[in-house]
Each structure stands twice: as structure tokens, then as C-alpha cells.
file query.tsv (TSV, C-alpha atoms)
chain	number	residue	atom	x	y	z
A	1	MET	CA	2.72	-16.08	3.45
A	2	ASN	CA	2.39	-13.67	6.35
A	3	ASP	CA	-1.03	-12.70	5.04
A	4	ARG	CA	-2.27	-16.26	5.43
A	5	ARG	CA	-0.84	-16.56	8.93
A	6	ALA	CA	-2.44	-13.27	9.91
A	7	PHE	CA	-5.76	-14.43	8.49
A	8	PHE	CA	-5.85	-17.65	10.54
A	9	LYS	CA	-4.72	-15.79	13.62
A	10	SER	CA	-7.58	-13.38	13.14
A	11	LEU	CA	-10.05	-16.30	12.97
A	12	VAL	CA	-9.04	-17.55	16.42
A	13	GLY	CA	-9.09	-14.04	17.82
A	14	GLY	CA	-5.36	-13.66	18.41
A	15	ALA	CA	-3.50	-10.54	17.46
A	16	ALA	CA	-1.99	-10.77	13.99
A	17	GLU	CA	1.77	-11.08	13.94
A	18	PRO	CA	3.33	-8.04	12.32
A	19	GLU	CA	4.77	-8.60	8.90
A	20	VAL	CA	8.43	-7.70	9.18
A	21	ALA	CA	9.53	-5.76	6.12
A	22	ALA	CA	12.99	-6.76	4.98
A	23	ALA	CA	15.25	-5.55	2.19
A	24	ASP	CA	13.85	-6.56	-1.19
A	25	PRO	CA	15.89	-5.96	-4.37
A	26	TRP	CA	12.72	-5.78	-6.52
A	27	LEU	CA	11.24	-3.05	-4.31
A	28	ASP	CA	14.60	-1.34	-4.07
A	29	ARG	CA	15.09	-1.20	-7.85
A	30	TYR	CA	11.70	0.38	-8.48
A	31	SER	CA	11.29	2.21	-5.16
A	32	ARG	CA	11.61	5.74	-6.57
A	33	GLN	CA	8.72	5.17	-8.96
A	34	LEU	CA	6.65	3.03	-6.55
A	35	VAL	CA	6.79	5.88	-4.05
A	36	LEU	CA	5.00	8.22	-6.48
A	37	PRO	CA	1.33	8.80	-5.67
A	38	GLU	CA	0.60	8.27	-9.40
A	39	TRP	CA	2.37	4.90	-9.44
A	40	SER	CA	1.47	1.65	-7.66
A	41	GLU	CA	2.48	-1.98	-7.33
A	42	ALA	CA	-0.30	-2.78	-9.83
A	43	ALA	CA	1.23	-0.34	-12.36
A	44	GLN	CA	4.66	-1.89	-11.77
A	45	ARG	CA	3.25	-5.39	-12.35
A	46	ARG	CA	1.60	-4.19	-15.58
A	47	LEU	CA	5.01	-2.96	-16.75
A	48	GLN	CA	6.61	-6.25	-15.81
A	49	ALA	CA	4.01	-8.17	-17.84
A	50	ALA	CA	4.33	-5.88	-20.85
A	51	SER	CA	6.05	-6.49	-24.15
A	52	VAL	CA	7.30	-3.32	-25.84
A	53	LEU	CA	8.90	-2.93	-29.25
A	54	VAL	CA	11.38	-0.09	-29.71
A	55	VAL	CA	11.87	0.56	-33.42
A	56	GLY	CA	15.29	2.12	-33.88
A	57	ALA	CA	18.26	1.93	-31.49
A	58	GLY	CA	19.68	5.36	-32.27
A	59	ALA	CA	19.29	8.85	-30.86
A	60	LEU	CA	15.66	8.43	-29.77
A	61	GLY	CA	15.86	4.69	-29.14
A	62	SER	CA	18.75	5.11	-26.69
A	63	PRO	CA	16.84	7.11	-24.06
A	64	VAL	CA	13.59	5.25	-24.76
A	65	ALA	CA	15.11	1.78	-24.30
A	66	THR	CA	17.22	2.90	-21.33
A	67	TYR	CA	14.27	4.33	-19.43
A	68	LEU	CA	11.90	1.48	-20.28
A	69	ALA	CA	14.46	-1.14	-19.26
A	70	GLY	CA	15.23	0.73	-16.06
A	71	ALA	CA	11.54	1.16	-15.27
A	72	GLY	CA	11.03	-2.61	-15.46
A	73	VAL	CA	9.25	-3.29	-18.76
A	74	GLY	CA	9.35	-7.09	-18.79
A	75	ARG	CA	10.12	-7.72	-22.45
A	76	LEU	CA	11.85	-5.22	-24.68
A	77	GLY	CA	12.34	-5.81	-28.40
A	78	ILE	CA	14.98	-3.63	-30.07
A	79	VAL	CA	14.75	-3.33	-33.86
A	80	ASP	CA	17.56	-1.80	-35.90
A	81	ASP	CA	19.24	-2.98	-39.09
A	82	GLY	CA	22.20	-0.60	-38.83
A	83	ASP	CA	25.67	-0.80	-37.32
A	84	VAL	CA	27.16	1.67	-34.87
A	85	GLU	CA	29.09	4.47	-36.58
A	86	LEU	CA	31.48	6.99	-35.09
A	87	SER	CA	29.16	9.82	-36.13
A	88	ASN	CA	26.33	8.27	-34.03
A	89	LEU	CA	28.06	8.46	-30.68
A	90	HIS	CA	27.40	12.11	-29.80
A	91	ARG	CA	23.65	11.43	-29.57
A	92	GLN	CA	23.15	7.65	-29.25
A	93	HIS	CA	24.16	7.04	-25.65
A	94	LEU	CA	23.64	3.26	-25.63
A	95	HIS	CA	26.66	2.91	-27.92
A	96	PHE	CA	30.32	3.57	-27.11
A	97	THR	CA	33.49	3.92	-29.17
A	98	PRO	CA	34.43	0.21	-28.97
A	99	ASP	CA	30.97	-0.59	-30.41
A	100	VAL	CA	31.70	1.03	-33.77
A	101	GLY	CA	30.88	-1.56	-36.44
A	102	VAL	CA	28.71	-3.64	-34.08
A	103	PRO	CA	25.01	-4.05	-34.98
A	104	LYS	CA	23.10	-1.38	-33.07
A	105	ALA	CA	20.40	-3.79	-31.87
A	106	GLN	CA	23.03	-6.05	-30.27
A	107	SER	CA	25.05	-3.15	-28.86
A	108	ALA	CA	21.91	-1.70	-27.27
A	109	ALA	CA	20.72	-5.05	-25.91
A	110	ALA	CA	24.09	-5.70	-24.24
A	111	LYS	CA	23.93	-2.40	-22.32
A	112	LEU	CA	20.28	-2.90	-21.38
A	113	ALA	CA	21.06	-6.35	-19.94
A	114	PHE	CA	23.59	-4.68	-17.63
A	115	LEU	CA	21.10	-2.02	-16.68
A	116	ASN	CA	18.34	-4.44	-15.73
A	117	PRO	CA	19.08	-8.18	-15.67
A	118	ASP	CA	15.52	-8.90	-14.51
A	119	ILE	CA	14.01	-8.17	-17.93
A	120	VAL	CA	14.20	-9.90	-21.31
A	121	VAL	CA	15.78	-7.88	-24.12
A	122	GLU	CA	15.46	-9.21	-27.66
A	123	PRO	CA	17.61	-7.58	-30.35
A	124	TYR	CA	16.41	-7.77	-33.97
A	125	ARG	CA	19.02	-6.84	-36.57
A	126	ALA	CA	16.42	-6.27	-39.24
A	127	PRO	CA	14.41	-3.50	-40.85
A	128	PHE	CA	10.97	-2.88	-39.37
A	129	SER	CA	8.26	-5.15	-40.66
A	130	PRO	CA	4.56	-4.90	-39.74
A	131	ALA	CA	4.51	-8.50	-38.42
A	132	MET	CA	6.80	-7.38	-35.57
A	133	VAL	CA	3.91	-5.42	-34.02
A	134	GLU	CA	1.73	-8.50	-33.44
A	135	GLY	CA	1.55	-9.47	-29.78
A	136	GLN	CA	3.15	-6.26	-28.52
A	137	ASP	CA	1.54	-4.19	-25.78
A	138	LEU	CA	3.15	-1.00	-27.04
A	139	VAL	CA	5.41	0.21	-29.82
A	140	VAL	CA	7.73	3.20	-29.56
A	141	ASP	CA	8.78	4.55	-32.95
A	142	CYS	CA	12.33	5.88	-32.77
A	143	THR	CA	13.10	5.87	-36.49
A	144	ASP	CA	14.26	8.82	-38.55
A	145	SER	CA	12.30	8.35	-41.77
A	146	PHE	CA	8.77	9.31	-42.66
A	147	ALA	CA	8.32	6.13	-44.69
A	148	VAL	CA	9.03	3.87	-41.70
A	149	ARG	CA	7.01	6.11	-39.40
A	150	TYR	CA	3.93	5.73	-41.61
A	151	ALA	CA	4.54	1.96	-41.82
A	152	VAL	CA	4.77	1.68	-38.02
A	153	ASN	CA	1.64	3.81	-37.60
A	154	ALA	CA	-0.31	1.70	-40.11
A	155	ALA	CA	0.78	-1.57	-38.45
A	156	CYS	CA	-0.21	-0.30	-35.00
A	157	CYS	CA	-3.59	0.92	-36.29
A	158	ALA	CA	-4.24	-2.44	-37.97
A	159	THR	CA	-3.49	-4.39	-34.77
A	160	GLY	CA	-4.76	-1.88	-32.19
A	161	VAL	CA	-1.36	-1.68	-30.48
A	162	PRO	CA	-0.73	1.65	-28.74
A	163	LEU	CA	2.11	3.70	-30.18
A	164	VAL	CA	4.35	6.56	-29.15
A	165	GLU	CA	5.63	8.53	-32.10
A	166	GLY	CA	8.57	10.89	-31.99
A	167	GLY	CA	10.87	12.76	-34.27
A	168	VAL	CA	13.65	15.27	-34.03
A	169	THR	CA	15.60	17.21	-36.59
A	170	GLY	CA	17.92	20.09	-35.94
A	171	LEU	CA	16.46	21.87	-32.93
A	172	THR	CA	12.84	20.89	-33.48
A	173	GLY	CA	11.10	17.82	-32.12
A	174	LEU	CA	7.72	16.22	-31.88
A	175	VAL	CA	6.05	13.65	-29.63
A	176	MET	CA	2.63	12.02	-29.92
A	177	ALA	CA	0.88	9.19	-28.05
A	178	ILE	CA	-1.64	7.10	-29.96
A	179	ARG	CA	-4.31	4.66	-28.83
A	180	PRO	CA	-5.49	3.25	-32.18
A	181	GLY	CA	-9.25	3.26	-32.59
A	182	GLU	CA	-9.63	5.69	-29.69
A	183	SER	CA	-7.40	8.64	-30.44
A	184	ALA	CA	-5.98	10.36	-33.51
A	185	CYS	CA	-3.16	8.46	-35.19
A	186	TYR	CA	0.04	9.84	-36.68
A	187	ARG	CA	-1.48	9.98	-40.17
A	188	CYS	CA	-4.54	11.84	-38.81
A	189	ALA	CA	-2.11	14.51	-37.62
A	190	PHE	CA	0.21	14.39	-40.63
A	191	PRO	CA	-1.68	13.01	-43.66
A	192	ALA	CA	1.28	13.43	-46.00
A	193	GLU	CA	5.04	13.51	-45.71
A	194	PRO	CA	6.40	17.06	-45.88
A	195	ALA	CA	7.94	17.59	-49.31
A	196	ASP	CA	11.04	19.35	-47.97
A	197	ALA	CA	11.78	17.17	-44.94
A	198	PRO	CA	15.55	17.09	-44.39
A	199	SER	CA	17.16	13.82	-43.42
A	200	CYS	CA	19.09	13.61	-40.17
A	201	ALA	CA	22.39	13.63	-42.08
A	202	GLU	CA	21.45	16.86	-43.88
A	203	ALA	CA	19.93	18.64	-40.92
A	204	GLY	CA	22.43	17.89	-38.19
A	205	ILE	CA	21.40	17.45	-34.60
A	206	LEU	CA	22.59	18.13	-31.08
A	207	GLY	CA	22.66	15.04	-28.89
A	208	PRO	CA	20.62	16.43	-25.99
A	209	ALA	CA	17.91	17.62	-28.41
A	210	ALA	CA	17.26	13.99	-29.33
A	211	GLY	CA	17.62	13.10	-25.65
A	212	VAL	CA	14.77	15.44	-24.70
A	213	ILE	CA	12.42	14.03	-27.34
A	214	GLY	CA	13.37	10.40	-26.58
A	215	SER	CA	12.87	11.04	-22.88
A	216	LEU	CA	9.41	12.47	-23.56
A	217	GLN	CA	8.61	9.38	-25.65
A	218	ALA	CA	9.71	7.11	-22.79
A	219	LEU	CA	7.56	9.11	-20.37
A	220	GLU	CA	4.49	8.78	-22.60
A	221	ALA	CA	5.19	5.06	-23.04
A	222	LEU	CA	5.22	4.54	-19.27
A	223	LYS	CA	1.97	6.48	-18.93
A	224	LEU	CA	0.27	4.38	-21.62
A	225	LEU	CA	1.51	1.14	-20.02
A	226	ALA	CA	0.42	2.20	-16.55
A	227	GLY	CA	-2.97	3.46	-17.72
A	228	LEU	CA	-2.23	7.08	-16.84
A	229	PRO	CA	-3.48	9.97	-19.02
A	230	ALA	CA	-1.09	10.43	-21.96
A	231	LEU	CA	-0.51	12.86	-24.82
A	232	THR	CA	-3.31	11.47	-27.00
A	233	ASP	CA	-5.40	13.45	-29.51
A	234	ALA	CA	-2.55	15.94	-29.56
A	235	PHE	CA	1.09	16.25	-30.38
A	236	LEU	CA	3.75	18.20	-28.61
A	237	GLN	CA	5.84	20.45	-30.82
A	238	VAL	CA	9.11	21.22	-29.07
A	239	ASP	CA	11.34	24.08	-30.15
A	240	LEU	CA	14.67	23.15	-28.60
A	241	ALA	CA	16.23	26.50	-29.52
A	242	THR	CA	13.73	28.62	-27.59
A	243	LEU	CA	12.44	25.80	-25.33
A	244	ASP	CA	8.87	26.57	-26.33
A	245	PHE	CA	6.59	23.58	-25.87
A	246	LEU	CA	3.41	23.79	-27.92
A	247	ARG	CA	0.61	21.26	-27.46
A	248	VAL	CA	-1.38	20.98	-30.68
A	249	THR	CA	-4.79	19.32	-30.53
A	250	VAL	CA	-5.53	16.75	-33.21
A	251	ARG	CA	-8.81	15.03	-34.08
A	252	ARG	CA	-9.34	11.64	-35.70
A	253	ARG	CA	-10.03	11.92	-39.42
A	254	ASP	CA	-12.98	10.01	-40.85
A	255	ASP	CA	-11.03	9.53	-44.06
A	256	CYS	CA	-7.73	8.47	-42.46
A	257	PRO	CA	-6.37	5.60	-44.54
A	258	ASP	CA	-4.62	4.12	-41.49
A	259	CYS	CA	-7.15	4.30	-38.65
A	260	SER	CA	-10.61	5.11	-40.03
A	261	GLY	CA	-11.49	1.39	-40.27
A	262	THR	CA	-10.46	0.61	-36.67
B	1	MET	CA	-12.27	-6.24	10.53
B	2	PRO	CA	-8.78	-7.56	11.30
B	3	VAL	CA	-6.04	-5.03	11.79
B	4	ARG	CA	-2.99	-5.56	9.64
B	5	SER	CA	0.40	-4.88	11.08
B	6	LEU	CA	3.73	-4.15	9.51
B	7	ASP	CA	7.15	-3.83	11.09
B	8	ILE	CA	9.39	-1.46	9.15
B	9	THR	CA	11.98	-0.96	11.90
B	10	GLY	CA	14.62	-2.64	9.71
B	11	LEU	CA	14.16	-0.19	6.83
B	12	THR	CA	15.34	3.33	6.10
B	13	CYS	CA	13.71	6.18	4.15
B	14	PRO	CA	12.28	6.09	1.56
B	15	MET	CA	11.77	2.30	1.74
B	16	THR	CA	9.80	2.82	4.97
B	17	TRP	CA	7.06	4.69	3.10
B	18	VAL	CA	7.36	2.56	-0.09
B	19	ARG	CA	6.67	-0.60	1.92
B	20	THR	CA	3.82	1.06	3.85
B	21	LYS	CA	2.28	2.47	0.65
B	22	LEU	CA	2.33	-0.94	-1.05
B	23	GLU	CA	0.72	-2.56	2.01
B	24	LEU	CA	-2.03	0.08	1.92
B	25	GLU	CA	-2.59	-0.54	-1.81
B	26	ARG	CA	-3.41	-4.18	-1.00
B	27	MET	CA	-6.01	-3.21	1.63
B	28	ALA	CA	-9.68	-2.38	1.33
B	29	PRO	CA	-10.98	1.11	2.19
B	30	GLY	CA	-11.68	1.37	5.91
B	31	GLU	CA	-9.16	-1.34	6.78
B	32	ALA	CA	-6.54	-0.40	9.39
B	33	LEU	CA	-2.80	-0.91	9.31
B	34	GLU	CA	-0.53	-0.61	12.33
B	35	VAL	CA	3.00	0.23	11.32
B	36	ARG	CA	5.88	-0.16	13.75
B	37	CYS	CA	8.35	2.55	12.75
B	38	PRO	CA	12.01	3.01	13.57
B	39	GLU	CA	12.77	6.05	15.71
B	40	GLY	CA	13.74	9.20	13.83
B	41	GLU	CA	13.01	10.25	10.28
B	42	ALA	CA	10.51	7.49	9.45
B	43	LEU	CA	8.36	8.36	12.44
B	44	GLU	CA	7.90	11.81	10.90
B	45	ASN	CA	7.77	10.85	7.23
B	46	VAL	CA	5.47	7.82	7.30
B	47	PRO	CA	2.57	9.56	9.09
B	48	ARG	CA	3.03	12.69	6.96
B	49	SER	CA	3.08	10.77	3.67
B	50	ALA	CA	0.06	8.72	4.74
B	51	ALA	CA	-1.86	11.87	5.66
B	52	GLU	CA	-0.88	13.51	2.36
B	53	ALA	CA	-2.25	10.45	0.54
B	54	GLY	CA	-5.57	11.12	2.27
B	55	HIS	CA	-5.54	8.32	4.83
B	56	ASP	CA	-6.61	8.68	8.45
B	57	VAL	CA	-3.49	8.65	10.65
B	58	ARG	CA	-2.89	8.35	14.38
B	59	VAL	CA	0.52	8.03	16.02
B	60	THR	CA	1.00	6.32	19.39
B	61	GLY	CA	4.66	6.05	20.38
B	62	ALA	CA	6.39	4.18	17.56
B	63	ILE	CA	3.13	2.77	16.17
B	64	VAL	CA	1.50	4.61	13.27
B	65	ARG	CA	-2.10	3.51	12.82
B	66	ILE	CA	-3.38	4.20	9.30
B	67	VAL	CA	-6.97	3.68	8.19
B	68	ARG	CA	-7.08	3.31	4.41
B	69	ARG	CA	-9.25	5.89	2.72
call {"tool": "encode", "arguments": {"input": "query.tsv", "output": "C-alpha cells"}}
result
Amino acid sequence: MNDRRAFFKSLVGGAAEPEVAAADPWLDRYSRQLVLPEWSEAAQRRLQAASVLVVGAGALGSPVATYLAGAGVGRLGIVDDGDVELSNLHRQHLHFTPDVGVPKAQSAAAKLAFLNPDIVVEPYRAPFSPAMVEGQDLVVDCTDSFAVRYAVNAACCATGVPLVEGGVTGLTGLVMAIRPGESACYRCAFPAEPADAPSCAEAGILGPAAGVIGSLQALEALKLLAGLPALTDAFLQVDLATLDFLRVTVRRRDDCPDCSGT
Amino acid sequence: MPVRSLDITGLTCPMTWVRTKLELERMAPGEALEVRCPEGEALENVPRSAAEAGHDVRVTGAIVRIVRR
């Protein structure tokens, strides 16, 4: 509005009236990221227009969904077919003791709506299915099984939807950003499931270890959405016991069953 | 080229620089913005942040004139 007034003023040669900046809840909410040299109003608007699917509302999904909701991702889908259990609470910070027995997707969505009422959160109490990827701008895989991880990777490769992969077991974690058709996919990096992979229940886990990996996934998701350089054609291997971070370069495989046709 | 002007006297840090930064993002290179700052912290921070971002900055009293790089 002020822009238009200033424009007409400038045509008749008068001095433009200063635009008086007033308090603005939208600017206030996102001010600490807007102030970053790497961030901009355009990046914020891209986030607002984006639809992101978070697969899994557990230990990785909690920090991922929390940070993406807080950052202002306009539409957040939360997929999880499980219910909150007492043994989840030490690492899954979107769920609290009174939530035990409640579907995780719903429990997560309720907290996210409190965190940021300006966004749309859609809970899906269902297992992951490839059709869920259609129409998304980004998928963040926060599941704990290799089978689902490969299914998510294949669905993202087939539709060209960018993906952030992550995994944590014990005190070891991994993060990888994927732009299908441009950068190496998860199956390029890990063609086959490790034969001796322990499940989360067998391996045990410290809550903050998952928090670190989930936070890194959220960070990479924001970079991909904003068009900033991300952890593509590489994965980050994180040793949470020694705090060694190792960046391992990965190349696309010509014979990758998931992405070679894209 | 018309000079844009922005009054941020009603804001406090860091909103003073956030608002100025966003105004600069909407401008073309070479365009000038005159920012009326509140006395105190903002009058130090806004010119410094603008200079750090690579813009041309001149301060006259409470007016910070920034030419977008």
C-alpha cells in the first residue's frame, strides 16, 4: 500500500512518505531466521508455500516436525501408524505421559498446532505408502526400518521429490540429503540392507542422540526448501560417542534400481 | 530513481534490522533507502549490519541512507 503511495508521490516530484514499520506477528515469529544473511523473505515465502511429509512421528520425527513447524513450513503431513508408548517418551519429545495410548500422528499434530497455528498440520494414522509422496515438495524420512526407508527412497526417486534421509541406532547416526535425478539417492549409497542391522528395540538409544540426527535432518530440509546448498552426493556419519562427524562422498550409480531411470 | 524511506523508530533490535533487511531485499541494486532510526542501539546496529551485508551506508543524524549493492 505504502509502495503505491510512494510511487505516485515520486511521479509528481514530491518526497515519498516514509513507510512506518509497525509490529508484525509474522515478522516477529520468523525474525531470527529472516535476520540471517543466508535467509530472506523469499526463502520464508517458499517455506510457507511448501508441503512437507514427515514419515514417522518418533525420535527423529519429533525434532524434524518441531523445527519445520516452527520455521513456518506451510503444510506439514505427519505419517505414523503407531500409538505413543511409555518407552518412547525419553526420546520422542512431541509426546508426553498423558499421551500414552494416543496415536502418535495425532499427538504430534496437536503439539505442532500449539507451536505454530499459522500452518496446516495433517496427521495420517497409517503406514507409509508411496502415493503419499505425490504432490509433496519434500519428504523427511524419520522411520526406523530399512524396508520403509528403501520404500520412501524409491517413491521419492519415482516422483522427483527431494528427500532427507536419517537414521540412528545406539550412538551412531546418519544423515543424507537427496535431490532425485540430480544427486545420489539412498540406495546409491546403501545398495543393500545390512544383514546384521539391529532394530531400535535391540540396540537401545539415548534420547539426545536421536535429537542430534533429527535436528540435522530438519536443518537439511530447510536448506533444500530454501534452495541453499545441502548435504547432497554425500552422507554424514555421526559417531555420537566420540562426536566425530565424517562426511562420506557418494556418487550416483548407473545401475541403481531406484534412481537410474530418473 | 526514487528514494525509498522507512521509519523504524517504533521498533527495537533486532526487528529494526530485520525490517530494514527485508526492505532492501525488495529493492533493485543501486536503489537508495533512507531509514529513520530510533536513538541508541539501532543507530549503531542498522548501519553496521547494512555495511556488513555489503551495502553503501551513510549516516546523517538519525537517518541512515543505504544504497543497495
call {"tool": "atom_distance", "arguments": {"input": "query.tsv", "atom1": "atom CA of A:Ile213", "atom2": "atom CA of A:Gln136"}}
result
22.3 Å
call {"tool": "closest_atom_pairs", "arguments": {"input": "query.tsv", "of": "chain A", "to": "chain B", "cutoff": "6 Å", "atoms": "all atoms listed in the file", "output": "JSON lines"}}
result
{"residue": "A:Pro18", "atom": "CA", "partner": "B:Ser5", "partner_atom": "CA", "distance": 4.5}
{"residue": "A:Glu19", "atom": "CA", "partner": "B:Leu6", "partner_atom": "CA", "distance": 4.6}
{"residue": "A:Val20", "atom": "CA", "partner": "B:Asp7", "partner_atom": "CA", "distance": 4.5}
{"residue": "A:Ala21", "atom": "CA", "partner": "B:Ile8", "partner_atom": "CA", "distance": 5.3}
{"residue": "A:Val35", "atom": "CA", "partner": "B:Val18", "partner_atom": "CA", "distance": 5.2}
call {"tool": "atom_distance", "arguments": {"input": "query.tsv", "atom1": "atom CA of A:Ser107", "atom2": "atom CA of A:Val64"}}
result
14.8 Å
call {"tool": "residues_around", "arguments": {"input": "query.tsv", "residues": "stretch 160-172 of chain A", "least_positions_apart": "4", "cutoff": "8 Å", "atoms": "all atoms listed in the file", "output": "PyMOL selection string"}}
result
chain A and resi 60+133+136-144+149+153+156+176-181+186+198-200+203-206+209-210+213-214+217+220-221+224+237-241+262
call {"tool": "write_last_selection", "arguments": {"input": "query.tsv", "atoms": "C-alpha atoms", "output": "PDB file, in the coordinates of the input"}}
result
ATOM      1  CA  LEU A  60      15.660   8.430 -29.770  1.00  0.00           C
ATOM      2  CA  VAL A 133       3.910  -5.420 -34.020  1.00  0.00           C
ATOM      3  CA  GLN A 136       3.150  -6.260 -28.520  1.00  0.00           C
ATOM      4  CA  ASP A 137       1.540  -4.190 -25.780  1.00  0.00           C
ATOM      5  CA  LEU A 138       3.150  -1.000 -27.040  1.00  0.00           C
ATOM      6  CA  VAL A 139       5.410   0.210 -29.820  1.00  0.00           C
ATOM      7  CA  VAL A 140       7.730   3.200 -29.560  1.00  0.00           C
ATOM      8  CA  ASP A 141       8.780   4.550 -32.950  1.00  0.00           C
ATOM      9  CA  CYS A 142      12.330   5.880 -32.770  1.00  0.00           C
ATOM     10  CA  THR A 143      13.100   5.870 -36.490  1.00  0.00           C
ATOM     11  CA  ASP A 144      14.260   8.820 -38.550  1.00  0.00           C
ATOM     12  CA  ARG A 149       7.010   6.110 -39.400  1.00  0.00           C
ATOM     13  CA  ASN A 153       1.640   3.810 -37.600  1.00  0.00           C
ATOM     14  CA  CYS A 156      -0.210  -0.300 -35.000  1.00  0.00           C
ATOM     15  CA  MET A 176       2.630  12.020 -29.920  1.00  0.00           C
ATOM     16  CA  ALA A 177       0.880   9.190 -28.050  1.00  0.00           C
ATOM     17  CA  ILE A 178      -1.640   7.100 -29.960  1.00  0.00           C
ATOM     18  CA  ARG A 179      -4.310   4.660 -28.830  1.00  0.00           C
ATOM     19  CA  PRO A 180      -5.490   3.250 -32.180  1.00  0.00           C
ATOM     20  CA  GLY A 181      -9.250   3.260 -32.590  1.00  0.00           C
ATOM     21  CA  TYR A 186       0.040   9.840 -36.680  1.00  0.00           C
ATOM     22  CA  PRO A 198      15.550  17.090 -44.390  1.00  0.00           C
ATOM     23  CA  SER A 199      17.160  13.820 -43.420  1.00  0.00           C
ATOM     24  CA  CYS A 200      19.090  13.610 -40.170  1.00  0.00           C
ATOM     25  CA  ALA A 203      19.930  18.640 -40.920  1.00  0.00           C
ATOM     26  CA  GLY A 204      22.430  17.890 -38.190  1.00  0.00           C
ATOM     27  CA  ILE A 205      21.400  17.450 -34.600  1.00  0.00           C
ATOM     28  CA  LEU A 206      22.590  18.130 -31.080  1.00  0.00           C
ATOM     29  CA  ALA A 209      17.910  17.620 -28.410  1.00  0.00           C
ATOM     30  CA  ALA A 210      17.260  13.990 -29.330  1.00  0.00           C
ATOM     31  CA  ILE A 213      12.420  14.030 -27.340  1.00  0.00           C
ATOM     32  CA  GLY A 214      13.370  10.400 -26.580  1.00  0.00           C
ATOM     33  CA  GLN A 217       8.610   9.380 -25.650  1.00  0.00           C
ATOM     34  CA  GLU A 220       4.490   8.780 -22.600  1.00  0.00           C
ATOM     35  CA  ALA A 221       5.190   5.060 -23.040  1.00  0.00           C
ATOM     36  CA  LEU A 224       0.270   4.380 -21.620  1.00  0.00           C
ATOM     37  CA  GLN A 237       5.840  20.450 -30.820  1.00  0.00           C
ATOM     38  CA  VAL A 238       9.110  21.220 -29.070  1.00  0.00           C
ATOM     39  CA  ASP A 239      11.340  24.080 -30.150  1.00  0.00           C
ATOM     40  CA  LEU A 240      14.670  23.150 -28.600  1.00  0.00           C
ATOM     41  CA  ALA A 241      16.230  26.500 -29.520  1.00  0.00           C
ATOM     42  CA  THR A 262     -10.460   0.610 -36.670  1.00  0.00           C
TER      43      THR A 262
END
call {"tool": "atom_distance", "arguments": {"input": "query.tsv", "atom1": "atom CA of A:Asp83", "atom2": "atom CA of A:Lys104"}}
result
5.0 Å
call {"tool": "residues_around", "arguments": {"input": "query.tsv", "residues": "B:Glu39", "least_positions_apart": "3", "cutoff": "10 Å", "atoms": "all atoms listed in the file", "output": "JSON list (two decimals) with C-alpha atoms, in the coordinates of the input"}}
result
[["chain", "number", "residue", "atom", "x", "y", "z"],
["B", 9, "THR", "CA", 11.98, -0.96, 11.90],
["B", 36, "ARG", "CA", 5.88, -0.16, 13.75],
["B", 42, "ALA", "CA", 10.51, 7.49, 9.45],
["B", 43, "LEU", "CA", 8.36, 8.36, 12.44],
["B", 44, "GLU", "CA", 7.90, 11.81, 10.90],
["B", 61, "GLY", "CA", 4.66, 6.05, 20.38],
["B", 62, "ALA", "CA", 6.39, 4.18, 17.56]]
call {"tool": "closest_atom_pairs", "arguments": {"input": "query.tsv", "of": "stretch 138-256 of chain A", "to": "stretch 117-128 of chain A", "cutoff": "9 Å", "atoms": "all atoms listed in the file", "output": "tab-separated table"}}
result
residue	atom	partner	partner_atom	distance
A:Val148	CA	A:Phe128	CA	7.4
A:Ala151	CA	A:Phe128	CA	8.4
A:Val152	CA	A:Phe128	CA	7.8
call {"tool": "build_atoms", "arguments": {"input": "query.tsv", "residues": "stretch 22-34 of chain B", "atoms": "N, CA and C atoms", "output": "mmCIF file, in the frame of the given file"}}
result
data_model
loop_
_atom_site.group_PDB
_atom_site.id
_atom_site.type_symbol
_atom_site.label_atom_id
_atom_site.label_comp_id
_atom_site.auth_asym_id
_atom_site.auth_seq_id
_atom_site.Cartn_x
_atom_site.Cartn_y
_atom_site.Cartn_z
ATOM 1 N N LEU B 22 2.717 0.287 -0.345
ATOM 2 C CA LEU B 22 2.330 -0.940 -1.050
ATOM 3 C C LEU B 22 1.377 -1.787 -0.206
ATOM 4 N N GLU B 23 1.617 -1.809 1.115
ATOM 5 C CA GLU B 23 0.720 -2.560 2.010
ATOM 6 C C GLU B 23 -0.682 -1.939 1.961
ATOM 7 N N LEU B 24 -0.740 -0.617 1.971
ATOM 8 C CA LEU B 24 -2.030 0.080 1.920
ATOM 9 C C LEU B 24 -2.753 -0.188 0.597
ATOM 10 N N GLU B 25 -1.979 -0.272 -0.503
ATOM 11 C CA GLU B 25 -2.590 -0.540 -1.810
ATOM 12 C C GLU B 25 -3.299 -1.887 -1.839
ATOM 13 N N ARG B 26 -2.818 -2.828 -1.007
ATOM 14 C CA ARG B 26 -3.410 -4.180 -1.000
ATOM 15 C C ARG B 26 -4.631 -4.257 -0.096
ATOM 16 N N MET B 27 -4.918 -3.187 0.648
ATOM 17 C CA MET B 27 -6.010 -3.210 1.630
ATOM 18 C C MET B 27 -7.283 -2.597 1.073
ATOM 19 N N ALA B 28 -8.394 -2.944 1.714
ATOM 20 C CA ALA B 28 -9.680 -2.380 1.330
ATOM 21 C C ALA B 28 -9.891 -1.055 2.059
ATOM 22 N N PRO B 29 -10.680 -0.144 1.489
ATOM 23 C CA PRO B 29 -10.980 1.110 2.190
ATOM 24 C C PRO B 29 -11.603 0.813 3.560
ATOM 25 N N GLY B 30 -11.158 1.560 4.560
ATOM 26 C CA GLY B 30 -11.680 1.370 5.910
ATOM 27 C C GLY B 30 -10.846 0.411 6.737
ATOM 28 N N GLU B 31 -10.012 -0.393 6.070
ATOM 29 C CA GLU B 31 -9.160 -1.340 6.780
ATOM 30 C C GLU B 31 -8.025 -0.572 7.475
ATOM 31 N N ALA B 32 -7.578 -1.096 8.616
ATOM 32 C CA ALA B 32 -6.540 -0.400 9.390
ATOM 33 C C ALA B 32 -5.217 -1.139 9.318
ATOM 34 N N LEU B 33 -4.160 -0.364 9.328
ATOM 35 C CA LEU B 33 -2.800 -0.910 9.310
ATOM 36 C C LEU B 33 -2.019 -0.276 10.452
ATOM 37 N N GLU B 34 -1.392 -1.124 11.258
ATOM 38 C CA GLU B 34 -0.530 -0.610 12.330
ATOM 39 C C GLU B 34 0.918 -0.821 11.916
#
